[in-house]
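With compact mmCIF, C-alpha atoms inside, this is coords.txt:
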# COMPACT_ATOMS: atom_id res chain seq x y z
CA MET A 1396 -9.16 -9.32 -1.73
CA THR A 1397 -8.09 -12.83 -2.69
CA ILE A 1398 -4.73 -13.60 -4.30
CA ASN A 1399 -4.40 -16.76 -6.41
CA LYS A 1400 -0.96 -17.81 -7.59
CA GLN A 1401 0.11 -20.25 -10.24
CA GLN A 1402 3.77 -20.89 -10.91
CA GLU A 1403 5.26 -22.68 -13.91
CA GLY A 1404 9.05 -22.52 -13.75
CA THR A 1405 10.01 -18.85 -13.71
CA LYS A 1406 6.58 -17.75 -14.91
CA LEU A 1407 4.18 -16.58 -12.21
CA VAL A 1408 0.51 -15.84 -12.76
CA VAL A 1409 -1.17 -13.84 -10.00
CA ALA A 1410 -4.95 -13.52 -10.17
CA LEU A 1411 -6.61 -10.92 -7.96
CA GLU A 1412 -10.19 -10.96 -6.81
CA GLY A 1413 -12.02 -8.11 -5.06
CA ARG A 1414 -10.64 -4.62 -4.44
CA LEU A 1415 -7.02 -3.53 -4.51
CA ASP A 1416 -7.28 -0.59 -2.12
CA THR A 1417 -5.71 1.04 0.95
CA THR A 1418 -6.54 -1.94 3.16
CA THR A 1419 -5.62 -4.75 0.75
CA ALA A 1420 -2.61 -3.30 -1.14
CA PRO A 1421 -0.17 -4.27 1.67
CA GLN A 1422 -1.25 -7.92 1.15
CA LEU A 1423 -0.15 -7.80 -2.49
CA GLU A 1424 3.06 -5.99 -1.59
CA THR A 1425 3.93 -8.77 0.87
CA GLU A 1426 3.09 -11.40 -1.74
CA PHE A 1427 5.35 -9.79 -4.35
CA LYS A 1428 8.22 -9.46 -1.87
CA ARG A 1429 7.87 -13.14 -1.09
CA SER A 1430 7.47 -14.56 -4.57
CA ILE A 1431 8.83 -12.50 -7.48
CA ALA A 1432 12.57 -12.68 -6.75
CA ASP A 1433 13.27 -15.44 -9.32
CA VAL A 1434 10.40 -14.70 -11.69
CA THR A 1435 11.16 -13.64 -15.27
CA GLU A 1436 7.58 -13.52 -16.50
CA LEU A 1437 4.96 -12.00 -14.23
CA VAL A 1438 1.34 -12.10 -15.39
CA LEU A 1439 -1.33 -10.28 -13.39
CA ASP A 1440 -4.87 -11.40 -14.10
CA PHE A 1441 -7.42 -8.71 -13.17
CA ALA A 1442 -10.51 -10.53 -14.51
CA LYS A 1443 -12.07 -10.63 -11.04
CA LEU A 1444 -10.65 -7.37 -9.73
CA GLU A 1445 -13.38 -4.74 -9.24
CA TYR A 1446 -11.16 -1.66 -9.01
CA LEU A 1447 -7.91 -0.30 -7.65
CA SER A 1448 -6.90 2.92 -5.90
CA SER A 1449 -3.56 4.74 -5.73
CA ALA A 1450 -2.44 2.37 -2.95
CA GLY A 1451 -2.70 -0.41 -5.56
CA LEU A 1452 -0.92 1.68 -8.18
CA ARG A 1453 1.98 2.09 -5.78
CA VAL A 1454 2.42 -1.68 -5.47
CA LEU A 1455 2.10 -2.19 -9.24
CA LEU A 1456 4.72 0.50 -9.86
CA SER A 1457 7.28 -1.11 -7.57
CA ALA A 1458 6.62 -4.55 -9.11
CA GLN A 1459 7.06 -3.02 -12.59
CA LYS A 1460 10.41 -1.56 -11.53
CA VAL A 1461 11.60 -4.96 -10.29
CA MET A 1462 10.38 -6.72 -13.43
CA ASN A 1463 11.99 -4.12 -15.71
CA LYS A 1464 15.31 -5.43 -14.37
CA GLN A 1465 14.63 -9.16 -14.47
CA GLY A 1466 12.01 -9.89 -17.11
CA SER A 1467 8.51 -8.84 -18.08
CA MET A 1468 5.24 -7.95 -16.42
CA VAL A 1469 1.89 -8.06 -18.17
CA ILE A 1470 -1.58 -7.16 -16.85
CA LYS A 1471 -4.53 -8.99 -18.36
CA ASN A 1472 -8.33 -8.71 -18.33
CA VAL A 1473 -8.60 -5.15 -17.11
CA ASN A 1474 -12.17 -3.85 -16.71
CA GLU A 1475 -13.30 -0.38 -17.82
CA THR A 1476 -13.00 1.23 -14.39
CA ILE A 1477 -9.43 -0.01 -13.98
CA ALA A 1478 -8.53 0.98 -17.56
CA GLU A 1479 -9.76 4.48 -16.74
CA VAL A 1480 -7.59 4.63 -13.62
CA PHE A 1481 -4.54 3.63 -15.69
CA GLU A 1482 -5.46 6.22 -18.32
CA ILE A 1483 -6.02 9.14 -15.92
CA THR A 1484 -2.78 8.50 -14.04
CA GLY A 1485 -0.57 7.88 -17.08
CA PHE A 1486 0.05 4.31 -15.87
CA SER A 1487 -1.17 3.01 -19.23
CA GLU A 1488 2.19 4.27 -20.58
CA ILE A 1489 4.25 2.56 -17.88
CA LEU A 1490 2.48 -0.79 -17.65
CA THR A 1491 1.94 -3.44 -20.30
CA ILE A 1492 -1.79 -4.04 -20.51
CA GLU A 1493 -3.13 -6.80 -22.73
CA MET B 502 -28.83 12.44 4.42
CA LYS B 503 -27.07 9.68 6.33
CA GLU B 504 -24.06 9.98 8.54
CA LEU B 505 -21.42 7.66 10.00
CA THR B 506 -18.67 8.52 12.45
CA VAL B 507 -15.67 6.22 12.87
CA ASP B 508 -12.07 6.49 14.06
CA ALA B 509 -9.82 7.73 11.27
CA LYS B 510 -8.04 4.38 10.80
CA THR B 511 -7.47 2.54 7.53
CA GLU B 512 -9.05 -0.60 8.98
CA ASN B 513 -12.38 1.29 9.02
CA LEU B 514 -12.32 1.87 5.25
CA ASP B 515 -14.51 -1.17 4.56
CA ARG B 516 -17.16 0.08 6.97
CA VAL B 517 -17.20 3.48 5.32
CA THR B 518 -17.31 1.99 1.82
CA ASP B 519 -20.13 -0.40 2.75
CA PHE B 520 -22.07 2.45 4.36
CA ILE B 521 -21.84 4.59 1.22
CA ASN B 522 -22.51 1.69 -1.16
CA GLU B 523 -25.62 0.65 0.73
CA GLU B 524 -27.04 4.15 0.39
CA LEU B 525 -26.14 4.49 -3.29
CA GLU B 526 -27.24 0.98 -4.28
CA ALA B 527 -30.64 1.77 -2.80
CA ARG B 528 -30.78 4.62 -5.33
CA ASN B 529 -29.84 2.29 -8.21
CA CYS B 530 -26.41 3.80 -8.72
CA PRO B 531 -24.76 2.04 -11.71
CA LEU B 532 -21.98 -0.35 -10.65
CA ARG B 533 -19.26 1.43 -12.62
CA THR B 534 -20.16 4.78 -11.07
CA LEU B 535 -20.21 3.12 -7.67
CA HIS B 536 -16.68 1.81 -8.19
CA VAL B 537 -15.43 5.25 -9.23
CA ILE B 538 -16.97 6.68 -6.05
CA ASP B 539 -15.45 3.86 -3.97
CA ILE B 540 -12.00 4.73 -5.34
CA ALA B 541 -12.50 8.39 -4.37
CA VAL B 542 -13.63 7.33 -0.90
CA ASP B 543 -10.52 5.15 -0.57
CA GLU B 544 -8.24 8.06 -1.48
CA LEU B 545 -9.91 10.65 0.73
CA PHE B 546 -10.62 8.48 3.76
CA GLY B 547 -7.15 6.94 3.39
CA ASN B 548 -5.58 10.40 3.46
CA ILE B 549 -7.47 11.39 6.58
CA ALA B 550 -6.61 8.08 8.26
CA ASN B 551 -2.92 8.44 7.43
CA TYR B 552 -2.34 12.14 8.01
CA ALA B 553 -5.13 14.11 9.72
CA TYR B 554 -4.35 13.18 13.32
CA PHE B 555 -0.89 11.67 12.87
CA PRO B 556 0.59 10.16 15.04
CA GLU B 557 -2.63 9.98 17.08
CA THR B 558 -6.07 9.20 15.75
CA GLY B 559 -9.42 10.94 15.98
CA PRO B 560 -12.93 10.85 14.59
CA VAL B 561 -14.03 11.31 11.01
CA THR B 562 -17.63 11.78 10.00
CA VAL B 563 -18.85 10.71 6.57
CA ARG B 564 -22.12 12.01 5.16
CA VAL B 565 -23.84 10.68 2.08
CA GLU B 566 -26.77 12.15 0.28
CA VAL B 567 -28.37 11.74 -3.14
CA LYS B 568 -29.68 14.93 -4.71
CA ASN B 569 -32.01 15.29 -7.67
CA GLU B 570 -31.73 17.36 -10.85
CA PRO B 571 -29.24 16.23 -11.80
CA LEU B 572 -29.24 12.96 -9.88
CA CYS B 573 -26.05 13.26 -7.92
CA ALA B 574 -24.24 11.60 -5.02
CA VAL B 575 -22.84 14.08 -2.49
CA ILE B 576 -20.31 12.74 -0.01
CA THR B 577 -18.75 14.84 2.74
CA PHE B 578 -15.82 14.03 5.03
CA LEU B 579 -15.42 15.99 8.26
CA ASP B 580 -12.41 15.72 10.55
CA ARG B 581 -10.77 17.85 13.24
CA GLY B 582 -7.19 17.05 12.28
CA VAL B 583 -4.55 19.36 10.80
CA PRO B 584 -6.00 21.77 8.23
CA PHE B 585 -5.39 20.30 4.78
CA ASP B 586 -6.82 21.52 1.50
CA PRO B 587 -6.27 18.73 -1.05
CA LEU B 588 -7.34 21.03 -3.87
CA LYS B 589 -4.21 23.11 -3.30
CA LYS B 590 -1.97 20.11 -3.80
CA GLN B 591 0.05 20.29 -6.99
CA ASP B 592 -0.89 17.81 -9.70
CA PRO B 593 1.70 15.08 -10.27
CA ASP B 594 3.63 14.73 -13.53
CA ILE B 595 1.89 11.76 -15.11
CA THR B 596 4.25 11.56 -18.11
CA LEU B 597 7.31 10.26 -16.23
CA SER B 598 8.70 6.75 -16.75
CA ALA B 599 8.41 3.98 -14.15
CA GLU B 600 11.93 4.72 -12.87
CA GLU B 601 11.31 8.45 -12.44
CA ARG B 602 7.87 8.12 -10.96
CA GLY B 603 6.88 9.02 -7.46
CA ILE B 604 3.43 8.16 -6.26
CA GLY B 605 2.64 11.26 -4.19
CA GLY B 606 -0.44 13.22 -5.11
CA LEU B 607 -1.77 10.61 -7.49
CA GLY B 608 -4.77 9.69 -5.34
CA ILE B 609 -6.10 13.23 -5.02
CA TYR B 610 -5.41 13.85 -8.69
CA MET B 611 -7.56 10.81 -9.56
CA VAL B 612 -10.39 12.10 -7.38
CA LYS B 613 -10.24 15.52 -9.02
CA LYS B 614 -10.36 13.96 -12.48
CA SER B 615 -13.10 11.43 -11.79
CA MET B 616 -15.61 13.46 -9.74
CA ASP B 617 -18.01 16.08 -11.09
CA GLY B 618 -17.38 18.41 -8.18
CA MET B 619 -14.98 18.77 -5.27
CA ARG B 620 -14.78 21.52 -2.66
CA TYR B 621 -12.98 22.14 0.59
CA GLU B 622 -13.51 24.45 3.51
CA TYR B 623 -12.01 24.80 6.95
CA ASN B 624 -14.63 25.90 9.38
CA ASP B 625 -14.87 25.83 13.17
CA GLY B 626 -11.75 23.70 13.49
CA GLN B 627 -12.99 21.19 10.92
CA ASN B 628 -11.75 20.06 7.53
CA ILE B 629 -14.88 19.76 5.40
CA LEU B 630 -14.27 18.04 2.10
CA THR B 631 -17.14 17.37 -0.30
CA ILE B 632 -17.22 15.40 -3.53
CA GLU B 633 -20.07 15.13 -6.01
CA LYS B 634 -20.64 12.56 -8.69
CA ASN B 635 -23.52 12.57 -11.12
CA LEU B 636 -25.37 9.26 -11.19
Same coordinates, now as structure tokens:
Amino acid sequence: MTINKQQEGTKLVVALEGRLDTTTAPQLETEFKRSIADVTELVLDFAKLEYLSSAGLRVLLSAQKVMNKQGSMVIKNVNETIAEVFEITGFSEILTIE
Amino acid sequence: MKELTVDAKTENLDRVTDFINEELEARNCPLRTLHVIDIAVDELFGNIANYAYFPETGPVTVRVEVKNEPLCAVITFLDRGVPFDPLKKQDPDITLSAEERGIGGLGIYMVKKSMDGMRYEYNDGQNILTIEKNL
């Protein structure tokens, strides 16, 4: 998985490419720990993300909890497979998907 | 039927996924279906890697086969770790808010919901877990 970041002030856009799974989720967790402390607007771009597993959901959930306290988090460009994962797990109710 | 045996370690997930994808791509499995299967493989292999032999490790064998009528991928995981029937695991409450949410059980729940068949048996000291997905 590749992580591309773009920061403008307190807005951070994180674009993921590949698979967010058991092996790659820790990478994203580390990235969030490092970079979202002062962010008020977190945008996750999933245009190039193939799919995610529950290991990825875990990382998204903890980021959502942090952002609930300090700003907003939005997920963009979700493909059908990922939308289905969010639907099945009830995450579509917890996350903001655009 | 093809078979691959690796150590039950998360770093071997890519090998297992590639092995299964190669077999299913050769049978023209649609990409979306392939991704759904890959997610299930991540959850089940991940579970075995994290828990079956904890804190040691041991072997896991993955079998993949495509059956006809209906066209169906059949994937089996065999390990000799602690007996664990994922079908007996209680489904998580998926209506809780972000703050109340735990993440336990979500992976297996997703597999149950997204596959067309799932069965477990413990036989001869082996966990044998099989999933089926129509292609």
Exercise: Leu545 in chain B partners within 9 Å, all atoms listed in the file, chain neighbours under 3 positions left out, as a short mmCIF file (atom, residue, chain, number, x, y, z; two decimals) with C-alpha atoms, in the coordinates of the input:
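Output below, filename selection22.cif:
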data_model
loop_
_atom_site.label_atom_id
_atom_site.label_comp_id
_atom_site.auth_asym_id
_atom_site.auth_seq_id
_atom_site.Cartn_x
_atom_site.Cartn_y
_atom_site.Cartn_z
CA ILE B 540 -12.00 4.73 -5.34
CA ALA B 541 -12.50 8.39 -4.37
CA VAL B 542 -13.63 7.33 -0.90
CA ASN B 548 -5.58 10.40 3.46
CA ILE B 549 -7.47 11.39 6.58
CA ALA B 550 -6.61 8.08 8.26
CA PHE B 578 -15.82 14.03 5.03
CA GLY B 608 -4.77 9.69 -5.34
CA ILE B 609 -6.10 13.23 -5.02
CA VAL B 612 -10.39 12.10 -7.38
CA LEU B 630 -14.27 18.04 2.10
#
* chain A residues within 12 Å of chain B, counting all atoms listed in the file: which ones, as an NGL selection string? -> :A and (1396 or 1413-1421 or 1444-1464 or 1474-1491)
* Asked: If you count all atoms listed in the file, which residues fall within 6 Å of Ile632 in chain B, apart from same-chain ones fewer than 6 positions away, as a PyMOL selection string?
  -> chain B and resi 575-576+618-619
Would you compute the box with edges along x, y and z of the file around range 564-582 of chain B, including every atom the file lists for it and 6 Å extra on each side, and give its centre and edge lengths in Å to one decimal, as lines of an AutoDock Vina configuration file?
center_x = -19.6
center_y = 14.3
center_z = 0.7
size_x = 36.8
size_y = 19.2
size_z = 37.0
* Radius query 12 Å about (-33.8, 11.6, -11.5), atoms used: only C-alpha atoms, as an MDAnalysis selection string -> chainID B and resid 528:530 567:574 635:636
Write the selection just made, keeping C-alpha atoms, as an mmCIF file, in the frame of the given file?
data_model
loop_
_atom_site.group_PDB
_atom_site.id
_atom_site.type_symbol
_atom_site.label_atom_id
_atom_site.label_comp_id
_atom_site.auth_asym_id
_atom_site.auth_seq_id
_atom_site.Cartn_x
_atom_site.Cartn_y
_atom_site.Cartn_z
ATOM 1 C CA ARG B 528 -30.780 4.620 -5.330
ATOM 2 C CA ASN B 529 -29.840 2.290 -8.210
ATOM 3 C CA CYS B 530 -26.410 3.800 -8.720
ATOM 4 C CA VAL B 567 -28.370 11.740 -3.140
ATOM 5 C CA LYS B 568 -29.680 14.930 -4.710
ATOM 6 C CA ASN B 569 -32.010 15.290 -7.670
ATOM 7 C CA GLU B 570 -31.730 17.360 -10.850
ATOM 8 C CA PRO B 571 -29.240 16.230 -11.800
ATOM 9 C CA LEU B 572 -29.240 12.960 -9.880
ATOM 10 C CA CYS B 573 -26.050 13.260 -7.920
ATOM 11 C CA ALA B 574 -24.240 11.600 -5.020
ATOM 12 C CA ASN B 635 -23.520 12.570 -11.120
ATOM 13 C CA LEU B 636 -25.370 9.260 -11.190
#
* Hey, what's within 12 Å of range 1405-1409 of chain A if we count only C-alpha atoms and toss same-chain stuff fewer than 5 positions away? As a ChimeraX atom specification, please? -> /A:1397-1400,1423,1426-1427,1430-1444,1462,1465-1471
* Nearest to Gly559 in chain B, chosen from B:Lys590, B:Lys503, B:Lys510, B:Arg516, with only C-alpha atoms counted in the distances -> B:Lys510
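Going from CA of Asn551 in chain B to CA of Phe520 in chain B covers 20.3 Å.
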